[in-house]
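Enquirer: Sending over a structure as C-alpha cells; questions will come in a sec.
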Amino acid sequence: MSTLDIRVDPSQMGVDVTRLERVKTHFDRYVQDRRLSGWLATVARGGELVWSAKGGYRDREKALAVTDDTIWRIYSMTKPITSVAAMILYEEGHFDLNDDAGRWIDELKSPRVWSGGNVNNPETVPANGPVRIHHLLTHMSGLTYGFNYVHPVDAIYRAKGYDFGYPKGADLEQAVHDWCTSPLLFQPGSRWNYSVATDVLGRLIEIWSGQSLDVFLRERVLDPLGMDDTDWWCPTAKQDRLSMLYVPLNGDSFAHEELARGAAKQPRVLGGGGGLVSSAADYHRFSTMLLRRGELDGVRVISSRTIDLMTQNHLPDDADLTAFATDSFSETSYAGVGFGLGFSVVLDRRKNKSLVSEGSFAWGGAASTVFWVDPDEELTVSFFTQLLPSGTYPIRRELQQLVYQALLD
C-alpha cells in the first residue's frame, strides 16, 4: 500500500491546501541549506488523505529523489505498533495491566534499584514493589537506554554493549536478560524515563503468544491493516526505495552509510521499541486505524475501548512529564504532555504552547520522524525524514503550527 492517493476534496474536509503549501515551502528550505536531505509529510482528516508533499532526496549522494513509496527507518515509531500488539493479547486475557512482569521475566522477579556507588560497583536496594505490565507500557518501570548518557545505570547498559545498538550475537531474550539484571533507575512507578521497556514488552508478546515478535506483528497488526512495506528490514527487492541515513555537522548533514546498512539486512534482535522500517502510506493506515478507534476498512484490529484506554494519561495524579519525568532524552516535549499506554498525550495546549488539541496522542522516531492523531479535529499527520538525532531541529513543533493554521473549521 505505497501510494498516497487523494480521493476527496480537501476543502470539503475543512482543509485549505493553499495554506498547507507553507509546509512544503518551510521544509524545502531545510533541503536547500542541507539540514535535511529529503522529507515527506501527510495530512488526513476523517481518515481521508487530503494532502501530501515531499522534497529533496532519499539518497542525496546518488541524486535519488524522495518518492511516495520511499521506505524510512521509523525507529521508535515502532513502539505504538508494539503497544497495540501487546494490548491485543490483553484483550485475549493473557495478562492484567497490574500483573507483575516477573511472572514471565525471571530477571524481574526480585528487581533491585540503584542507590549509589559507581558503574563498576553499583549499590542497590530491593524494589519496594513489582515492575508491573503497565509500567512497561508507560515507561515507569525504571529501565533506561544506554544512549541516554545521563545516569550511571545508562553507562551500565553501555558496558554490556547496549548504546544505540546491540552487542554482537545477542538476541531479544539475551538483551532482556542483560537489561533486567542491571539496576533499575528508580522505584517502579515513581518516575517516567524513556527506555527499553517496549523491547521488554516485545519479549513478553513472544512469551504470551508462543510466536516470534515478527510473526505475531505480521499476523495480527501489519497484514490486517495492509501494511505491506512495514518490516524489520528492507528486502533486496525494495532496497532502491530505502532512504539513506544522515547526521548533522555544523549546520550541514552527511550520510552515515555504516548505520544505514543496518536496515538492509535481517536483524538478530527484533526490537519492539525501534526495529521497523515503513512507508508513509503504511503508517497512514496505522494512524487511521487509531483515529477510528481500532478499525480500518471493516477490519477490527483492537477494541475501541482499549484504544480509548491507551490514549489517556496514565501518569499518577494526571501529572504531565515536566512534573514526573527524569531529565533525559524523549521523543516529545514535556510541558502539558502526559503519557498513556504507548503514546504521549496532550493534556494542556496552553502549557504546551501549541495548537494541538487536548487528547491528541503521538510519538516520534530517532531519525526525526513523527506522527500524531487529533481526535477532536479528526486529524492524522505524519512526517518522514532520516536525520539522527531527532532533537537536532524543532521539526515537530514547526510542523504542528504549519498544519493547524490550514484548518478551516
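How things are named: the first chain in the C-alpha cells is A, the next is B, and so on; residues count from 1 in each chain; ligands count from 1 in the order shown.
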Identify, on the basis of only C-alpha atoms, every residue whose closest approach to Leu108 of chain A does not exceed 8 Å; exclude the query and any residue fewer than 6 positions from it along the same chain; express the result as a compact mmCIF listing (two decimals) with N, CA and C atoms, in the first residue's frame.

Expert:
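part_3.txt written:
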# COMPACT_ATOMS: atom_id res chain seq x y z
N ALA A 101 5.51 -8.25 35.99
CA ALA A 101 6.22 -8.77 34.82
C ALA A 101 7.15 -9.92 35.20
N GLY A 102 7.52 -10.02 36.49
CA GLY A 102 8.35 -11.11 36.95
C GLY A 102 7.69 -12.48 36.86
N PRO A 130 6.63 -4.58 42.58
CA PRO A 130 6.99 -5.20 41.30
C PRO A 130 7.02 -4.21 40.14
N VAL A 131 7.73 -4.60 39.08
CA VAL A 131 7.59 -3.94 37.79
C VAL A 131 6.33 -4.51 37.15
N CYS A 180 17.54 -6.39 32.39
CA CYS A 180 16.78 -6.62 33.63
C CYS A 180 17.64 -7.15 34.76
N THR A 181 18.90 -7.51 34.49
CA THR A 181 19.85 -7.80 35.55
C THR A 181 20.68 -6.58 35.91

Enquirer: Give me, as a PyMOL selection string, all polymer residues having an atom no more than 9 Å from segment 364-378 of chain A, counting only C-alpha atoms and skipping those fewer than 4 positions away in the same chain.

Expert: chain A and resi 44-47+72-78+245-247+274+283-284+287-288+290-292+331-332+356-360+382-393+395-396+407+409

Enquirer: Now that the selection is made, can you save its residues with C-alpha atoms as a compact mmCIF listing (two decimals), in the first residue's frame?

Expert:
# COMPACT_ATOMS: atom_id res chain seq x y z
CA ALA A 44 -5.52 13.37 6.66
CA ARG A 45 -8.91 14.35 8.05
CA GLY A 46 -11.71 11.99 8.91
CA GLY A 47 -9.42 9.17 7.84
CA TRP A 72 12.02 5.04 6.03
CA ARG A 73 13.54 3.82 9.27
CA ILE A 74 10.86 4.65 11.81
CA TYR A 75 12.85 3.68 14.91
CA SER A 76 10.66 4.45 17.97
CA MET A 77 7.51 4.84 15.90
CA THR A 78 7.69 1.05 16.23
CA LEU A 245 20.53 7.94 6.88
CA TYR A 246 22.07 11.32 7.77
CA VAL A 247 23.72 13.01 10.74
CA GLY A 274 12.59 0.56 17.49
CA TYR A 283 1.85 4.45 8.62
CA HIS A 284 -1.13 6.46 7.38
CA SER A 287 -2.76 6.09 12.29
CA THR A 288 -6.16 5.95 10.58
CA LEU A 290 -6.08 4.59 15.69
CA LEU A 291 -8.29 7.54 14.74
CA ARG A 292 -11.14 5.11 14.04
CA GLU A 331 10.57 11.93 21.60
CA THR A 332 8.10 14.53 22.93
CA VAL A 356 -2.58 20.74 19.12
CA SER A 357 -5.88 19.75 20.74
CA GLU A 358 -6.05 18.24 24.20
CA GLY A 359 -6.41 14.48 23.86
CA SER A 360 -4.16 14.26 20.82
CA SER A 382 2.91 12.15 9.70
CA PHE A 383 6.38 13.39 8.76
CA PHE A 384 9.27 11.32 7.45
CA THR A 385 12.92 12.16 7.05
CA GLN A 386 16.17 10.42 8.09
CA LEU A 387 18.23 12.72 10.31
CA LEU A 388 19.77 11.44 13.55
CA PRO A 389 19.21 12.53 16.28
CA SER A 390 15.60 13.68 16.35
CA GLY A 391 16.25 16.67 18.57
CA THR A 392 18.56 18.35 16.09
CA TYR A 393 15.89 20.79 14.85
CA ILE A 395 10.80 19.98 13.13
CA ARG A 396 7.83 18.55 15.02
CA LEU A 407 -7.68 24.09 9.08
CA ASP A 409 -13.34 24.90 10.67

Enquirer: Give me the residues within 10 Å of Gly336 of chain A as a ChimeraX atom specification, counting only C-alpha atoms and dropping any in the same chain fewer than 5 places off.

Expert: /A:319-323,345-354,358

Enquirer: Output the selection as a PDB file, in the first residue's frame - C-alpha atoms for each residue.

Expert:
ATOM      1  CA  ALA A 319       0.696  14.825  36.061  1.00  0.00           C
ATOM      2  CA  ASP A 320       2.486  15.998  32.948  1.00  0.00           C
ATOM      3  CA  LEU A 321       6.019  14.930  32.012  1.00  0.00           C
ATOM      4  CA  THR A 322       7.519  18.169  33.313  1.00  0.00           C
ATOM      5  CA  ALA A 323       6.488  17.124  36.823  1.00  0.00           C
ATOM      6  CA  VAL A 345      -0.936  12.564  25.214  1.00  0.00           C
ATOM      7  CA  VAL A 346      -1.548  16.322  25.118  1.00  0.00           C
ATOM      8  CA  LEU A 347      -3.157  17.443  28.397  1.00  0.00           C
ATOM      9  CA  ASP A 348      -2.971  21.238  28.161  1.00  0.00           C
ATOM     10  CA  ARG A 349      -2.107  23.002  24.933  1.00  0.00           C
ATOM     11  CA  ARG A 350      -1.643  26.274  26.788  1.00  0.00           C
ATOM     12  CA  LYS A 351       1.165  24.749  28.840  1.00  0.00           C
ATOM     13  CA  ASN A 352       2.457  23.062  25.703  1.00  0.00           C
ATOM     14  CA  LYS A 353       2.273  26.389  23.827  1.00  0.00           C
ATOM     15  CA  SER A 354       0.918  24.688  20.708  1.00  0.00           C
ATOM     16  CA  GLU A 358      -6.051  18.236  24.204  1.00  0.00           C
TER      17      GLU A 358
END

Enquirer: Under the rule that only C-alpha atoms are counted, which of A:Val113, A:Leu201, A:Leu408, A:Leu49 is the nearest residue to His139 of chain A?

Expert: A:Leu201

Enquirer: Counting only C-alpha atoms, which of A:Arg22, A:Gln239, A:Ser279, A:Phe343 gets nearest to Thr311 of chain A?

Expert: A:Phe343

Enquirer: Out of segment 229-318 of chain A, which residues get helix (DSSP H, G or I) from DSSP, as a ChimeraX atom specification?

Expert: /A:236-241,257-264,280-291,304-310,316-318

Enquirer: If we count only C-alpha atoms and set the cut-off at 7 Å, which residues sit around Trp208 of chain A, ignoring sequence neighbours fewer than 3 positions away in its own chain? Please answer as an NGL selection string.

Expert: :A and (94 or 204-205)

Enquirer: Neighbouring residues of Asp68 of chain A were defined as those with any atom within 9 Å, considering only C-alpha atoms; residues of the same chain fewer than 3 positions away were excluded. Please report them as number ranges by chain.

Expert: A: 2-4, 40, 52-54, 71, 279-281

Enquirer: Considering only C-alpha atoms, return as a ChimeraX atom specification whatever protein or nucleic-acid residues lie within 6 Å of segment 256-273 of chain A, sequence-local ones (same chain, fewer than 2 positions apart) excluded.

Expert: /A:76,78-79,82,171-172,198-199,202,233-234,245-246,275

Enquirer: I'd like the neighbourhood of Val215 of chain A as a PDB file with N, CA and C atoms, in the first residue's frame, where a residue qualifies if any of its atoms comes within 12 Å (using only C-alpha atoms), though same-chain residues fewer than 3 positions away should be ignored.

Expert:
ATOM      1  N   ALA A  85       0.004  -4.284  19.708  1.00  0.00           N
ATOM      2  CA  ALA A  85       0.111  -5.744  19.660  1.00  0.00           C
ATOM      3  C   ALA A  85      -0.030  -6.350  21.057  1.00  0.00           C
ATOM      4  N   GLY A 202       8.040  -6.460  23.926  1.00  0.00           N
ATOM      5  CA  GLY A 202       8.110  -7.317  22.750  1.00  0.00           C
ATOM      6  C   GLY A 202       8.459  -8.749  23.100  1.00  0.00           C
ATOM      7  N   ILE A 205       5.389 -10.345  24.487  1.00  0.00           N
ATOM      8  CA  ILE A 205       4.479 -10.742  23.407  1.00  0.00           C
ATOM      9  C   ILE A 205       4.859 -12.129  22.888  1.00  0.00           C
ATOM     10  N   GLU A 206       6.163 -12.384  22.749  1.00  0.00           N
ATOM     11  CA  GLU A 206       6.606 -13.700  22.292  1.00  0.00           C
ATOM     12  C   GLU A 206       6.207 -14.787  23.287  1.00  0.00           C
ATOM     13  N   SER A 209       2.231 -15.161  23.333  1.00  0.00           N
ATOM     14  CA  SER A 209       1.628 -15.652  22.090  1.00  0.00           C
ATOM     15  C   SER A 209       2.199 -16.987  21.629  1.00  0.00           C
ATOM     16  N   GLY A 210       3.416 -17.315  22.091  1.00  0.00           N
ATOM     17  CA  GLY A 210       4.085 -18.501  21.586  1.00  0.00           C
ATOM     18  C   GLY A 210       4.627 -18.327  20.180  1.00  0.00           C
ATOM     19  N   GLN A 211       4.698 -17.078  19.708  1.00  0.00           N
ATOM     20  CA  GLN A 211       5.226 -16.770  18.375  1.00  0.00           C
ATOM     21  C   GLN A 211       6.365 -15.769  18.505  1.00  0.00           C
ATOM     22  N   SER A 212       7.229 -15.734  17.504  1.00  0.00           N
ATOM     23  CA  SER A 212       8.242 -14.677  17.480  1.00  0.00           C
ATOM     24  C   SER A 212       7.544 -13.339  17.241  1.00  0.00           C
ATOM     25  N   ARG A 218       3.106  -9.416  12.224  1.00  0.00           N
ATOM     26  CA  ARG A 218       2.667  -9.587  10.834  1.00  0.00           C
ATOM     27  C   ARG A 218       1.248 -10.125  10.780  1.00  0.00           C
ATOM     28  N   GLU A 219       0.953 -11.139  11.594  1.00  0.00           N
ATOM     29  CA  GLU A 219      -0.360 -11.793  11.517  1.00  0.00           C
ATOM     30  C   GLU A 219      -1.469 -10.968  12.153  1.00  0.00           C
ATOM     31  N   ARG A 220      -1.168 -10.210  13.205  1.00  0.00           N
ATOM     32  CA  ARG A 220      -2.227  -9.590  13.981  1.00  0.00           C
ATOM     33  C   ARG A 220      -2.363  -8.089  13.766  1.00  0.00           C
ATOM     34  N   VAL A 221      -1.326  -7.432  13.223  1.00  0.00           N
ATOM     35  CA  VAL A 221      -1.399  -5.982  13.021  1.00  0.00           C
ATOM     36  C   VAL A 221      -1.094  -5.605  11.579  1.00  0.00           C
ATOM     37  N   LEU A 222       0.071  -5.966  11.080  1.00  0.00           N
ATOM     38  CA  LEU A 222       0.532  -5.454   9.796  1.00  0.00           C
ATOM     39  C   LEU A 222      -0.292  -5.976   8.623  1.00  0.00           C
ATOM     40  N   ASP A 223      -0.485  -7.284   8.532  1.00  0.00           N
ATOM     41  CA  ASP A 223      -1.272  -7.834   7.428  1.00  0.00           C
ATOM     42  C   ASP A 223      -2.739  -7.410   7.480  1.00  0.00           C
ATOM     43  N   ASP A 231       8.331  -3.667   7.912  1.00  0.00           N
ATOM     44  CA  ASP A 231       9.012  -4.921   8.260  1.00  0.00           C
ATOM     45  C   ASP A 231      10.234  -4.602   9.109  1.00  0.00           C
ATOM     46  N   TRP A 232      10.928  -5.650   9.540  1.00  0.00           N
ATOM     47  CA  TRP A 232      12.098  -5.491  10.401  1.00  0.00           C
ATOM     48  C   TRP A 232      13.353  -5.184   9.608  1.00  0.00           C
ATOM     49  N   LEU A 270      14.926  -8.485  17.330  1.00  0.00           N
ATOM     50  CA  LEU A 270      13.684  -7.853  16.903  1.00  0.00           C
ATOM     51  C   LEU A 270      13.269  -6.894  18.007  1.00  0.00           C
TER      52      LEU A 270
END

Enquirer: Nearest residue to Asp154 of chain A out of A:Leu136, A:Ser328, A:Ser11, A:Asp5, using only C-alpha atoms?

Expert: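 Using only C-alpha atoms, Asp154 of chain A sits closest to A:Ser328.
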
Enquirer: Please compute the atom CA of Ser344 of chain A-atom CA of Val84 of chain A distance, one decimal, in Å.

Expert: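 These two atoms are separated by 14.0 Å.
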